[in-house]
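Trainee: If you scroll down you'll find the structure; I have some questions about it.
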Amino acid sequence: MSNATDWGRERERLTLVEAKLAAKIAELDPQVDGLHEQAADIRKRFWEEVTVNTSTSEDYEETFFSIRQQEAVLAERERSQRLLLRQRNNLRRLQASPYFGRVDFREAGESGEEPVYIGVSSFADEDAMSFLVYDWRTPVASLYYDHVPGPASYDTPGGTVGGTMTLKRQYRIQDGELRSVFDASVTIGDELLQQVLGHGADNRMKSIVATIQREQNAVIRDDRSRMLIVQGAAGSGKTSAALQRAAYLLYKYRDRLKADQIVLFSPNPLFNGYVSTVLPELGEENMQQTTFQDYLDYWLGKSFRLEDPFDQIEYALTQTEAPDYGARMAGMAYKASEAYRLALDAYAARLGEEGLRFAGIRFMGRELISAEDMAARFYGFDRSIRLPNRVALLQEWLLRELAALERKERKAQWAQEKAQYLDRGQYAESYDELLQEYRRDEGIFMFAEQYVEADDAIHNRRERVEDVFDLADREEALLRKTIVKERFKPLRRSVKRLKFLDFAGMYGRLFESGSAYAELTNGTDAPAEWAEICRQTAEKLNRRELFYEDATPYLYLKELIEGVRTNTQVRHVFVDEGQDYSVFQYAYLRKLFPHARMTVLGDFGQAIFAQATELGGAESPLLRLYGEADTNVIRLARSYRSTREIAAFTRAMLAGGEEIVPFDRPGPKPLLVRTESGDARAKRIAADLAALTAEGFGSVAVVTKTAAEAEAARRALAACGREDARLIDKASPSYEKGIMVIPAYLAKGVEFDAVLIHDAGEEAYAQESERKLFYTACTRAMHRLTLYAAGAWSPFVRALDPALYETAAEPIGPRE
């Protein structure tokens with residue numbers, strides 16, 4: 001900023017805005033409270049204000065409209081209260097820091113400049129015509145993120161507005177106090193980034209809209225692409241940009257897009273809690289958050305015991321010496337491929353001609369409808385009818401057949417015997433139903449009511465009614481009907497749920513040795529270990545279990561046969577850690593959400609699962625999912641999470657890592673500590689934890705390779721007096737600040753002040769397939785990175801330039 005005069009003006013302006021904010025909030029407070037009380041009073045007195053009379057059809061109609069009117073009054077009060085409450089909450093969010101940026105813009109053809117102050121929400125002056133603060137998502141606010149002083153423009157619904165930016169200014173306002181002001185000649189000044197990034201990690205991701213970079217803004221405001229792929233380096237702000245993208249979409253399309261029409265697929269349940277506060281901080285409701293495993297469990301968990309991706313990766317990391325390891329790994333890769341999906345498409349097409357497996361319907365030890373009868377009926381339908389439609393036709397036929405068999409079964413001896421042992425309550429229910437039949441069918445309800453309703457006792461009912469009608473035969477028939485109907489209910493339910501189709505048998509047939517159907521998967525694209533893959537898969541299916549790599553293909557085949565299950569309400573799907581999803585899973589997601597746009601965020605450098613998908617390369621299968629014309633790929637090369645020294649250390653591990661641009665935030669080099677034994681390592685880590693805590697780091701992670709190693713490390717640290725180290729596993733409900741011990745694959749997407757790699761020795765990380773897992777573990781660190789080994793270092797470490805790290809053998813205190 002140029003001089004003290006500007007500083008004084010900025011302070012005066014801030015004071016003015018804060019006063020107007022306080023006045024507006026004071027004005028809204030009684031309105032919000034008053035509407036809340038009104039709504040509560042209406043709910044409390046709802047039925048007192050409604051006239052209920054059902055004596056005649058006119059009275060019934062009057063009652064109906066009276067209820068509707070009172071309901072409408074209540075809904076209006078609640079809606080008004082919600083709107084005012086949201087407005088007040090937005091203003092309260094502005095109080096601590098009303099704005100963080102300013103641009104002075106002179107529109108082409110105009111002589112004057114307009115100062116545009118930008119904050120997390122909009123705030124208009126009393127006349128509601130002049131804005132004191134513009135929401136960061138407004139079109140004019142894009143000037144702050146996308147341009148430097150000079151020629152500039154921004155897009156609006158009415159077209160592009162061009163002009164000249166004469167000033168770009170950034171503010172740091174805390175607790176209503178102006179701390180610093182500086183003019184910027186770049187997108188976001190390094191001063192502000194240094195201050196923000198220098199803070200410690202938290203157990204929740206924060207929304208920092210003041211530091212959005214130009215390339216991140218392109219991610220946030222892309223609303224044209226059907227598929228947006230964000231390939232970003234570790235710590236490049238992919239997830240943050242995606243969450244702010246969701247907030248932007250909710251703001252721009254607020255008249256037709258709701259939060260529950262956006263779904264985020266996250267890498268694990270812990271991550272959901274980590275990002276859950278970002279949208280509420282921006283004044284929006286949270287989107288739906290789930291994991292792909294949750295979806296699989298919902299649809300298949302009742303039929304199979306499913307392996308989850310964490311069990312799968314534990315197998316890949318720990319069972320390398322198992323005799324079936326090579327085949328299992330080959331199976332993981334193949335079952336995630338496009339080739340396997342095409343094989344299942346071909347299999348489903350063949351099933352339309354022959355080979356569909358059915359399960360006969362049995363009742364009381366007898367077969368009512370055989371699998372052969374179902375097959376004959378199914379393949380008797382016109383072959384031009386789509387497979388799912390023929391399944392629906394077969395379902396209708398089965399329900400008709402069951403209805404006919406049910407009527408026939410009423411005459412069976414077992415039904416008559418069962419009717420003799422009903423309790424009094426069941427007799428009473430049957431009699432009530434029988435009387436209703438008489439009232440409806442024979443038009444004598446008034447006469448029957450005269451004799452029956454006077455006495456509730458079952459005996460008296462029978463005595464009096466039988467004086468008028470002989471109901472014994474009708475009573476027995478009704479009892480038999482009720483008994484048989486109840487017994488047939490599970491059969492009807494199973495038909496409606498398509499249990500007559502043997503899906504497990506049909507999927508398993510692909511792995512039967514010598515099966516004609518196995519040829520579809522045992523083609524030229526199948527791995528050499530196919531025979532062993534078949535054995536493993538069949539063995540798993542026989543135990544009613546599914547490998548993780550089989551769950552999506554199984555569900556895919558199931559829906560090719562029974563019909564695709566779709567969600568037409570969801571409009572945007574976000575996939576975080578997208579490199580860990582298979583091509584198969586992406587194809588399935590597109591079918592599941594046919595009307596949605598998809599945003600995929602990932603880093604192929606962190607592709608630690610066997611089914612990993614290349615995101616942004618020229619050969620990426622994702623480019624074909626919606627077509628290249630509808631696909632936009634944005635690369636985020638700059639890493640903001642780690643210090644310059646940590647980023648230089650980690651990027652050297654990857655081929656092509658030189659493309660990663662570290663943010664210029666200095667710090668100590670990573671430290672390599674060699675110990676004589678595992679016990680010595682635990683003592684050293686305990687000492688280093690004490691030193692890091694003394695430095696004020698609130699979030700410290702001891703990162704291990706596997707869950708078993710994490711449990712062993714936690715016990716060892718507890719024995720050294722660090723009982724405060726909390727174990728994080730796949731069942732942990734949330735991340736918390738403090739010291740934690742966590743497997744690397746569960747730490748994806750999260751950052752910590754300091755990271756201690758529990759074992760960076762060659763016994764832990766030696767295989768090339770483990771390089772990206774090791775890289776992922778190291779890139780979790782913001783300020784400190786320390787690696788330990790009780791023997792030789794991992795080849796990934798030995799290959800690094802020694803200038804990138806420091807070494808130590810003795811406990812250390814706080815480091816400068």
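Scheme for the structure tokens: letters A, B, ... for chains in order shown; per-chain residue numbers from 1; ligand numbers from 1 in order shown.
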Quick check for you: according to DSSP on this backbone, which residues of segment 611-725 of chain A are classed as strand (DSSP E)? Reply as a PyMOL selection string.
Mentor: chain A and resi 631-636+638-639+661-662+671-674+699-704
Trainee: List as an NGL selection string the protein and nucleic acid residues near Gly667 of chain A, meaning an atom at most 9 Å away when only C-alpha atoms are counted, but skip any in the same chain fewer than 3 places from it.
Mentor: :A and (643-646 or 783-784 or 816)
Trainee: Give one line per residue of segment 200-259 of chain A that approaches segment 117-122 of chain A to at most 12 Å, naming the two atoms of the closest pair and their distance in Å to one decimal, counting only C-alpha atoms; sort by chain then ascending residue number and deliver it as CSV.
Mentor:
residue,atom,partner,partner_atom,distance
A:Ser207,CA,A:Val120,CA,9.7
A:Ile208,CA,A:Val120,CA,9.4
A:Val209,CA,A:Val120,CA,7.3
A:Ala210,CA,A:Gly119,CA,8.0
A:Thr211,CA,A:Gly119,CA,11.7
A:Gln244,CA,A:Val120,CA,11.0
A:Ala247,CA,A:Val120,CA,10.8
A:Tyr248,CA,A:Val120,CA,11.2
A:Tyr251,CA,A:Ser121,CA,10.3
Trainee: Taking N, CA and C atoms for each residue, export the selection above as an mmCIF file, in the first residue's frame.
Mentor:
data_model
loop_
_atom_site.group_PDB
_atom_site.id
_atom_site.type_symbol
_atom_site.label_atom_id
_atom_site.label_comp_id
_atom_site.auth_asym_id
_atom_site.auth_seq_id
_atom_site.Cartn_x
_atom_site.Cartn_y
_atom_site.Cartn_z
ATOM 1 N N SER A 207 -12.050 -23.677 4.767
ATOM 2 C CA SER A 207 -12.270 -22.959 3.519
ATOM 3 C C SER A 207 -11.489 -21.662 3.563
ATOM 4 N N ILE A 208 -10.557 -21.493 2.633
ATOM 5 C CA ILE A 208 -9.730 -20.280 2.604
ATOM 6 C C ILE A 208 -9.916 -19.644 1.234
ATOM 7 N N VAL A 209 -11.058 -19.015 1.023
ATOM 8 C CA VAL A 209 -11.356 -18.454 -0.292
ATOM 9 C C VAL A 209 -10.445 -17.280 -0.620
ATOM 10 N N ALA A 210 -9.803 -16.695 0.405
ATOM 11 C CA ALA A 210 -8.916 -15.564 0.145
ATOM 12 C C ALA A 210 -7.671 -15.977 -0.626
ATOM 13 N N THR A 211 -7.326 -17.247 -0.605
ATOM 14 C CA THR A 211 -6.069 -17.684 -1.222
ATOM 15 C C THR A 211 -6.281 -18.511 -2.484
ATOM 16 N N GLN A 244 -15.079 -25.822 -2.812
ATOM 17 C CA GLN A 244 -15.481 -24.455 -3.134
ATOM 18 C C GLN A 244 -16.201 -24.409 -4.480
ATOM 19 N N ALA A 247 -19.726 -25.097 -3.576
ATOM 20 C CA ALA A 247 -20.341 -23.882 -3.036
ATOM 21 C C ALA A 247 -20.669 -22.901 -4.153
ATOM 22 N N TYR A 248 -19.783 -22.784 -5.123
ATOM 23 C CA TYR A 248 -20.019 -21.886 -6.263
ATOM 24 C C TYR A 248 -21.242 -22.331 -7.062
ATOM 25 N N TYR A 251 -24.397 -21.556 -5.312
ATOM 26 C CA TYR A 251 -24.681 -20.112 -5.341
ATOM 27 C C TYR A 251 -25.205 -19.691 -6.711
#
Trainee: Leaving out Ala22 of chain A and any residue of its chain fewer than 5 positions from it, which residues lie within 12 Å of it when counting only C-alpha atoms, given as number ranges by chain?
Mentor: A: 15-17, 27-29, 88, 91-96, 98, 123, 176
Trainee: Any idea what's packed within 9 Å of Leu555 of chain A, counting only C-alpha atoms, ignoring anything in its chain fewer than 2 positions away? Could you give it as a list in words?
Mentor: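 Counting only the stated atoms, we get Leu296, Trp299, Leu300, Asp550, Ala551, Thr552, Pro553, Leu557, Lys558, Glu559, Leu560 and Tyr588 of chain A.
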Trainee: Restricting the output to C-alpha atoms, write the selected residues as a PDB file, in the first residue's frame.
Mentor:
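The file below, part27.pdb, is the result:
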ATOM      1  CA  LEU A 296     -21.577 -51.650  -2.613  1.00  0.00           C
ATOM      2  CA  TRP A 299     -26.771 -53.351  -2.489  1.00  0.00           C
ATOM      3  CA  LEU A 300     -24.675 -56.473  -1.965  1.00  0.00           C
ATOM      4  CA  ASP A 550     -15.453 -58.483  -8.105  1.00  0.00           C
ATOM      5  CA  ALA A 551     -18.081 -56.358  -6.346  1.00  0.00           C
ATOM      6  CA  THR A 552     -18.549 -53.693  -9.037  1.00  0.00           C
ATOM      7  CA  PRO A 553     -18.494 -56.193 -11.971  1.00  0.00           C
ATOM      8  CA  LEU A 557     -23.781 -57.729 -14.563  1.00  0.00           C
ATOM      9  CA  LYS A 558     -26.744 -57.915 -12.209  1.00  0.00           C
ATOM     10  CA  GLU A 559     -28.077 -54.632 -13.540  1.00  0.00           C
ATOM     11  CA  LEU A 560     -27.473 -55.617 -17.174  1.00  0.00           C
ATOM     12  CA  TYR A 588     -20.830 -47.750 -13.442  1.00  0.00           C
TER      13      TYR A 588
END
Trainee: Report the distance between atom CA of Gln611 of chain A and atom CA of Gly749 of chain A in Å, rounded to one decimal place.
Mentor: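 That distance, rounded to one decimal, is 18.4 Å.
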Trainee: Please provide as number ranges by chain all residues within 12 Å of segment 503-513 of chain A, with the sequence filter that same-chain residues fewer than 6 positions apart are discarded (counting only C-alpha atoms).
Mentor: A: 300, 303-304, 331, 340, 343-344, 346-348, 350-351, 354-359, 519-523, 530-546, 550-562
Trainee: Kindly indicate which residue among A:Ala333, A:Gln31, A:Arg179, A:Gln288 lies nearest to Leu264 of chain A, using only C-alpha atoms for the distances.
Mentor: A:Gln288
Trainee: For segment 789-803 of chain A, please output as number ranges by chain all residues within 10 Å (counting only C-alpha atoms; exclusion window: fewer than 5 positions along the same chain).
Mentor: A: 649-650, 652-654, 669, 672-681, 757-768, 770-771, 774-775
Trainee: May I ask which of the residues A:Ala141, A:Ala687, A:Cys720, A:Ala713 is the closest one to Pro743 of chain A, counting only C-alpha atoms?
Mentor: A:Ala713
Trainee: Figure out the distance between atom CA of Lys481 of chain A and atom CA of Glu396 of chain A, please, to one decimal in Å.
Mentor: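 Result for atom CA of Glu396 of chain A versus atom CA of Lys481 of chain A: 21.7 Å, one decimal.
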Trainee: Which residues are near Ala152 of chain A? Cut-off 9 Å, only C-alpha atoms, ignore same chain within fewer than 3 positions. Put them as a list in words.
Mentor: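 So the residues in contact are Phe105, Leu143, Asp146, His147, Val148, Pro149, Val161, Gly162, Gly163, Thr164 and Met165 of chain A.
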Trainee: Find the distance between atom CA of Arg635 of chain A and atom CA of Gln216 of chain A and write it in Å to one decimal.
Mentor: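 That distance, rounded to one decimal, is 9.3 Å.
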